[in-house]
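These notes concern the structure reproduced below.
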Amino acid sequence: MTVENVFVIQPVFGARSESLHAEAVDLIGSAGANYIGSVFQTIREINPATFIGEGKLQELNEQLGDTETTVLFNGNLSPSQTLNISKALGDRKVIDRTTLILDIFAARAVSSEGKIQVELAQLKYIYPRLRGKGAALSRLGGGIGTRGPGESKLETDRRYIRARIQTLEQKLGETERRRAHLTERRIKESVKTIALVGYTNTGKSTLLNVMTGADVFVKNALFATLDPTSRAFEIEGIPFLMVDTVGFLQDLPHNLIEAFKSTLESALHCDLALIVCDASGDYETQIETTLKTLKDLGFRSPYLVVMNKCDAAENLRFPREFLCISAKTGAGLNELKQRIFSMFESDFLRKTLFIPYRDTAEYGAIRNLISERSVLYCDEGAFVEAIIPVMYAARFKKFLQK
């Protein structure tokens with residue numbers, strides 16, 4: 001199988017261009033393509049037709065020669081700009097950042113909901129780019145940008161696409177309602193939800209595995225985990241639910257955020273979010289990007305910043321409130337669990353109960369509501385050191401010791 005070669009056009013607007021370019025290279029690898037080079041172009045004024053100057057495009061066309069190369073514009077292009085750049089580069093395939101990310105999403109979606117969200121995002125993005133019989137798509141061929149809904153369907157009928165979008169939105173609405181019911185049930189059962197959020201490839205899935213004993217797919221690649229995963233775990237005998245969510249990137253297109261809003265509902269309605277950062281990377285950008293994306297989604301829950309991969313970082317000088325851990329080696333995980341539990345301290349009571357033997361059956365009926373830390377038996381009954389959820393405290397009033 002031939003690996004697609006990708007050349008990057010990196011527009012330069014400011015200081016973030018280097019980090020955006022590094023992300024583009026990682027995205028190309030995650031899409032299964034081969035990065036072959038880049039050109040950085042300072043943008044003083046956007047050309048409405050081709051974004052960058054036609055002279056630069058002519059230079060690039062000569063530089064690429066006769067090689068079969070896909071050109072990635074590491075930003076967002078209008079439909080006409082995509083067509084004009086492609087024409088200026090000898091009808092080469094031209095994609096933008098959103099197309100590349102959508103292609104990775106299409107390859108990684110596993111659940112039915114994930115596949116619905118990906119197809120919906122692709123159709124909404126491609127629909128305004130269709131002209132006549134799909135001139136913009138006729139040059140795509142194979143490779144990046146062809147996964148998902150399929151080229152033939154897209155070129156067949158614009159009305160089909162509009163109808164398909166409506167159908168997918170209805171299906172997504174049904175899954176959102178089901179998730180809302182599950183959220184309501186967790187709230188009633190007083191199960192605290194911990195959401196793992198943050199940049200892609202910072203080790204969220206690895207952290208989920210080590211905290212809960214799960215076996216979630218882990219890979220050193222951007223967007224390795226696309227579908228949300230929930231696993232139960234305990235701290236001091238108290239049950240919690242940990243949810244892994246899709247990762248973020250700088251300048252993640254707004255339509256992609258909207259498309260995955262239902263997947264991110266678990267983060268929006270969590271009791272606590274852990275913002276997981278790569279301590280060996282540009283963690284300041286990671287935090288800024290994550291908080292901005294969450295704010296755009298209406299996030300209001302408390303959060304802790306967790307610096308993962310501290311074993312691979314140098315010069316650890318993070319703010320005191322940040323937690324340094326290594327999901328790989330297990331370092332700092334006990335402190336993380338203590339900090340998580342301390343965030344909910346007001347929701348639990350540490351009390352001593354006395355259970356007379358004559359009331360054993362009555363106590364047994366509600367025993368599963370609390371966490372027993374120790375039990376001491378005596379002639380008249382048993383002393384129990386317990387952690388009791390405040391919402392259930394009244395049911396144990398009879399057994400509380402003064």
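Ordered as shown in the structure tokens, chains take letters A, B, and onward, while each chain numbers its residues from 1 and ligands are numbered from 1 in the order shown.
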
For Leu274 (chain A), work out the shell of residues within 8 Å, counting only C-alpha atoms and skipping chain neighbours fewer than 6 positions away, then give it as a PDB file with N, CA and C atoms, in the first residue's frame.
```pdb
ATOM      1  N   ILE A 194     -15.804  11.890  37.518  1.00  0.00           N
ATOM      2  CA  ILE A 194     -14.526  12.566  37.287  1.00  0.00           C
ATOM      3  C   ILE A 194     -14.238  12.504  35.791  1.00  0.00           C
ATOM      4  N   ALA A 195     -14.147  13.650  35.134  1.00  0.00           N
ATOM      5  CA  ALA A 195     -13.897  13.683  33.683  1.00  0.00           C
ATOM      6  C   ALA A 195     -12.435  14.003  33.407  1.00  0.00           C
ATOM      7  N   LEU A 196     -11.831  13.220  32.529  1.00  0.00           N
ATOM      8  CA  LEU A 196     -10.471  13.494  32.067  1.00  0.00           C
ATOM      9  C   LEU A 196     -10.569  14.332  30.798  1.00  0.00           C
ATOM     10  N   VAL A 197     -10.082  15.546  30.857  1.00  0.00           N
ATOM     11  CA  VAL A 197     -10.144  16.435  29.701  1.00  0.00           C
ATOM     12  C   VAL A 197      -8.753  16.997  29.437  1.00  0.00           C
ATOM     13  N   TYR A 303     -12.145  22.060  38.774  1.00  0.00           N
ATOM     14  CA  TYR A 303     -11.156  21.247  38.072  1.00  0.00           C
ATOM     15  C   TYR A 303      -9.813  21.271  38.804  1.00  0.00           C
ATOM     16  N   LEU A 304      -9.015  20.255  38.527  1.00  0.00           N
ATOM     17  CA  LEU A 304      -7.632  20.175  38.989  1.00  0.00           C
ATOM     18  C   LEU A 304      -6.739  20.044  37.762  1.00  0.00           C
ATOM     19  N   VAL A 305      -5.586  20.694  37.782  1.00  0.00           N
ATOM     20  CA  VAL A 305      -4.621  20.558  36.695  1.00  0.00           C
ATOM     21  C   VAL A 305      -3.629  19.460  37.072  1.00  0.00           C
ATOM     22  N   VAL A 306      -3.539  18.443  36.218  1.00  0.00           N
ATOM     23  CA  VAL A 306      -2.669  17.290  36.473  1.00  0.00           C
ATOM     24  C   VAL A 306      -1.573  17.265  35.423  1.00  0.00           C
TER      25      VAL A 306
END
```

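The interatomic distance for the pair CA of Phe105 (chain A) and CA of Val6 (chain A) works out to 18.1 Å.
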
| note | One decimal place gives the CA of Thr193 (chain A)-CA of Leu120 (chain A) separation as 28.0 Å

| message | At a cut-off of 7 Å, using only C-alpha atoms, what residues contact region 78-83 of chain A? Leave out same-chain residues fewer than 3 positions from it and give the result as an MDAnalysis selection string. | response | chainID A and resid 49:51 86:87 94 129 136

Export C-alpha atoms of the chosen residues as a tab-separated table (two decimals), in the first residue's frame?
```tsv
chain	number	residue	atom	x	y	z
A	49	ALA	CA	-8.56	34.05	-3.82
A	50	THR	CA	-5.63	31.93	-2.62
A	51	PHE	CA	-4.99	33.07	0.98
A	86	SER	CA	-5.15	23.35	-6.18
A	87	LYS	CA	-5.26	24.89	-9.66
A	94	VAL	CA	-5.14	20.36	-1.39
A	129	ARG	CA	-17.77	22.89	-0.88
A	136	ALA	CA	-13.89	20.10	-5.49
```

| query | With only C-alpha atoms as the basis for distance, which of A:Ala279, A:Ile387, A:Leu77, A:Leu376 is at the shortest distance from Gly237 (chain A)? | reply | A:Ile387

| task | Name all residues at most 8 Å from Pro11 (chain A) (count only C-alpha atoms; drop same-chain ones fewer than 3 positions away) and give them as a VMD selection string. | result | chain A and resid 17 40 to 43 73 to 75

I need the residues from that last selection saved to file as a PDB file, in the first residue's frame (with C-alpha atoms), if you can.
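Produced file again-v9.pdb, reproduced below:
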```pdb
ATOM      1  CA  SER A  17       2.986  29.172  14.358  1.00  0.00           C
ATOM      2  CA  PHE A  40       6.468  28.899   6.284  1.00  0.00           C
ATOM      3  CA  GLN A  41       4.723  31.931   4.811  1.00  0.00           C
ATOM      4  CA  THR A  42       4.341  35.178   6.745  1.00  0.00           C
ATOM      5  CA  ILE A  43       0.836  36.556   6.209  1.00  0.00           C
ATOM      6  CA  PHE A  73      -2.700  24.170   4.338  1.00  0.00           C
ATOM      7  CA  ASN A  74      -2.378  24.295   8.121  1.00  0.00           C
ATOM      8  CA  GLY A  75      -5.378  26.531   8.646  1.00  0.00           C
TER       9      GLY A  75
END
```

| task | Using DSSP on the backbone coordinates, identify the residues of region 251-343 of chain A assigned to strand (DSSP E or B); present them as a count of residues only. | result | 15

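Omitting Lys337 (chain A) and its sequence neighbours fewer than 3 positions away, and counting only C-alpha atoms, the residues within 10 Å are Met211, Glu234, Ile235, Glu236, Gly332, Leu333, Asn334, Ile340, Phe341 and Ser342 of chain A.
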
| If you count only C-alpha atoms, which residues fall within 12 Å of Asp359 (chain A), apart from same-chain ones fewer than 6 positions away, as a ChimeraX atom specification? | /A:365-367,380-382,396,398-399

| message | I need the helix (DSSP H, G or I) residues of region 253-382 of chain A per DSSP on the backbone, written as a ChimeraX atom specification. | response | /A:254-259,265-268,283-296,310-312,333-343,345-347,357-364,367-369

Suppose we keep C-alpha atoms; can you now write the selection as a PDB file, in the first residue's frame?
```
ATOM      1  CA  HIS A 254     -15.712  25.403  16.022  1.00  0.00           C
ATOM      2  CA  ASN A 255     -17.850  23.107  13.882  1.00  0.00           C
ATOM      3  CA  LEU A 256     -15.849  20.125  15.190  1.00  0.00           C
ATOM      4  CA  ILE A 257     -16.400  21.230  18.782  1.00  0.00           C
ATOM      5  CA  GLU A 258     -20.115  21.525  18.097  1.00  0.00           C
ATOM      6  CA  ALA A 259     -20.186  18.117  16.405  1.00  0.00           C
ATOM      7  CA  GLU A 265     -21.514  16.267  27.819  1.00  0.00           C
ATOM      8  CA  SER A 266     -19.847  13.984  30.386  1.00  0.00           C
ATOM      9  CA  ALA A 267     -17.190  16.649  30.905  1.00  0.00           C
ATOM     10  CA  LEU A 268     -19.694  19.506  31.028  1.00  0.00           C
ATOM     11  CA  TYR A 283       1.765  22.749  29.050  1.00  0.00           C
ATOM     12  CA  GLU A 284       0.820  26.447  29.177  1.00  0.00           C
ATOM     13  CA  THR A 285      -0.640  26.241  25.666  1.00  0.00           C
ATOM     14  CA  GLN A 286      -2.346  22.964  26.564  1.00  0.00           C
ATOM     15  CA  ILE A 287      -4.060  24.511  29.603  1.00  0.00           C
ATOM     16  CA  GLU A 288      -5.016  27.671  27.706  1.00  0.00           C
ATOM     17  CA  THR A 289      -6.493  25.672  24.808  1.00  0.00           C
ATOM     18  CA  THR A 290      -8.398  23.306  27.093  1.00  0.00           C
ATOM     19  CA  LEU A 291      -9.895  26.035  29.280  1.00  0.00           C
ATOM     20  CA  LYS A 292     -10.906  28.099  26.228  1.00  0.00           C
ATOM     21  CA  THR A 293     -12.619  25.100  24.594  1.00  0.00           C
ATOM     22  CA  LEU A 294     -14.422  24.198  27.826  1.00  0.00           C
ATOM     23  CA  LYS A 295     -15.528  27.802  28.288  1.00  0.00           C
ATOM     24  CA  ASP A 296     -16.942  27.836  24.753  1.00  0.00           C
ATOM     25  CA  CYS A 310       6.611  14.156  34.961  1.00  0.00           C
ATOM     26  CA  ASP A 311       9.112  11.300  34.730  1.00  0.00           C
ATOM     27  CA  ALA A 312      10.076  12.581  31.258  1.00  0.00           C
ATOM     28  CA  LEU A 333      -1.214   8.706  41.918  1.00  0.00           C
ATOM     29  CA  ASN A 334      -1.864   8.300  45.663  1.00  0.00           C
ATOM     30  CA  GLU A 335      -1.646  12.071  46.109  1.00  0.00           C
ATOM     31  CA  LEU A 336      -4.000  12.501  43.141  1.00  0.00           C
ATOM     32  CA  LYS A 337      -6.563  10.194  44.741  1.00  0.00           C
ATOM     33  CA  GLN A 338      -6.295  12.106  48.022  1.00  0.00           C
ATOM     34  CA  ARG A 339      -6.809  15.422  46.237  1.00  0.00           C
ATOM     35  CA  ILE A 340      -9.835  14.049  44.366  1.00  0.00           C
ATOM     36  CA  PHE A 341     -11.404  12.823  47.593  1.00  0.00           C
ATOM     37  CA  SER A 342     -10.646  16.096  49.387  1.00  0.00           C
ATOM     38  CA  MET A 343     -12.626  17.956  46.697  1.00  0.00           C
ATOM     39  CA  GLU A 345     -14.951  16.134  51.636  1.00  0.00           C
ATOM     40  CA  SER A 346     -18.068  18.178  52.397  1.00  0.00           C
ATOM     41  CA  ASP A 347     -20.228  15.489  50.776  1.00  0.00           C
ATOM     42  CA  TYR A 357     -26.584  -7.363  67.379  1.00  0.00           C
ATOM     43  CA  ARG A 358     -30.385  -7.136  67.571  1.00  0.00           C
ATOM     44  CA  ASP A 359     -30.299  -4.494  64.769  1.00  0.00           C
ATOM     45  CA  THR A 360     -27.968  -6.410  62.450  1.00  0.00           C
ATOM     46  CA  ALA A 361     -30.669  -7.071  59.867  1.00  0.00           C
ATOM     47  CA  GLU A 362     -31.818  -3.423  59.823  1.00  0.00           C
ATOM     48  CA  TYR A 363     -28.227  -2.222  59.393  1.00  0.00           C
ATOM     49  CA  GLY A 364     -27.530  -4.818  56.729  1.00  0.00           C
ATOM     50  CA  ARG A 367     -24.952  -1.065  54.744  1.00  0.00           C
ATOM     51  CA  ASN A 368     -24.148  -0.808  51.019  1.00  0.00           C
ATOM     52  CA  LEU A 369     -24.748   2.972  51.168  1.00  0.00           C
TER      53      LEU A 369
END
```

| Distance query Pro239 (chain A) at most 10 Å, only C-alpha atoms, self and fewer than 4 positions along chain excluded, as number ranges by chain | A: 190-193, 232-235, 370-371

| query | What is the CA of Ala313 (chain A)-CA of Ala31 (chain A) distance in Å, reported with one decimal? | reply | 27.1 Å

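Considering only C-alpha atoms, the residue among A:Leu400, A:Ile46, A:Ala394, A:Ala331 positioned nearest to Phe354 (chain A) is A:Leu400.
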
| note | Restricting to only C-alpha atoms, whichever of A:Asn308, A:Asn5, A:Thr200, A:Ser19 is closest to Thr69 (chain A) is A:Asn5

At a cut-off of 8 Å, can you tabulate as JSON lines every residue of region 271-350 of chain A near region 204-207 of chain A together with its closest atom pair and the distance in Å to one decimal, using only C-alpha atoms and ordering rows by chain then number?
```
{"residue": "A:Val276", "atom": "CA", "partner": "A:Lys204", "partner_atom": "CA", "distance": 6.5}
{"residue": "A:Ala327", "atom": "CA", "partner": "A:Leu207", "partner_atom": "CA", "distance": 5.1}
{"residue": "A:Lys328", "atom": "CA", "partner": "A:Thr206", "partner_atom": "CA", "distance": 7.2}
```

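Counting only C-alpha atoms and comparing A:Tyr127, A:Lys351, A:Cys277, A:Glu45, the residue that lies closest to Leu323 (chain A) is A:Cys277.
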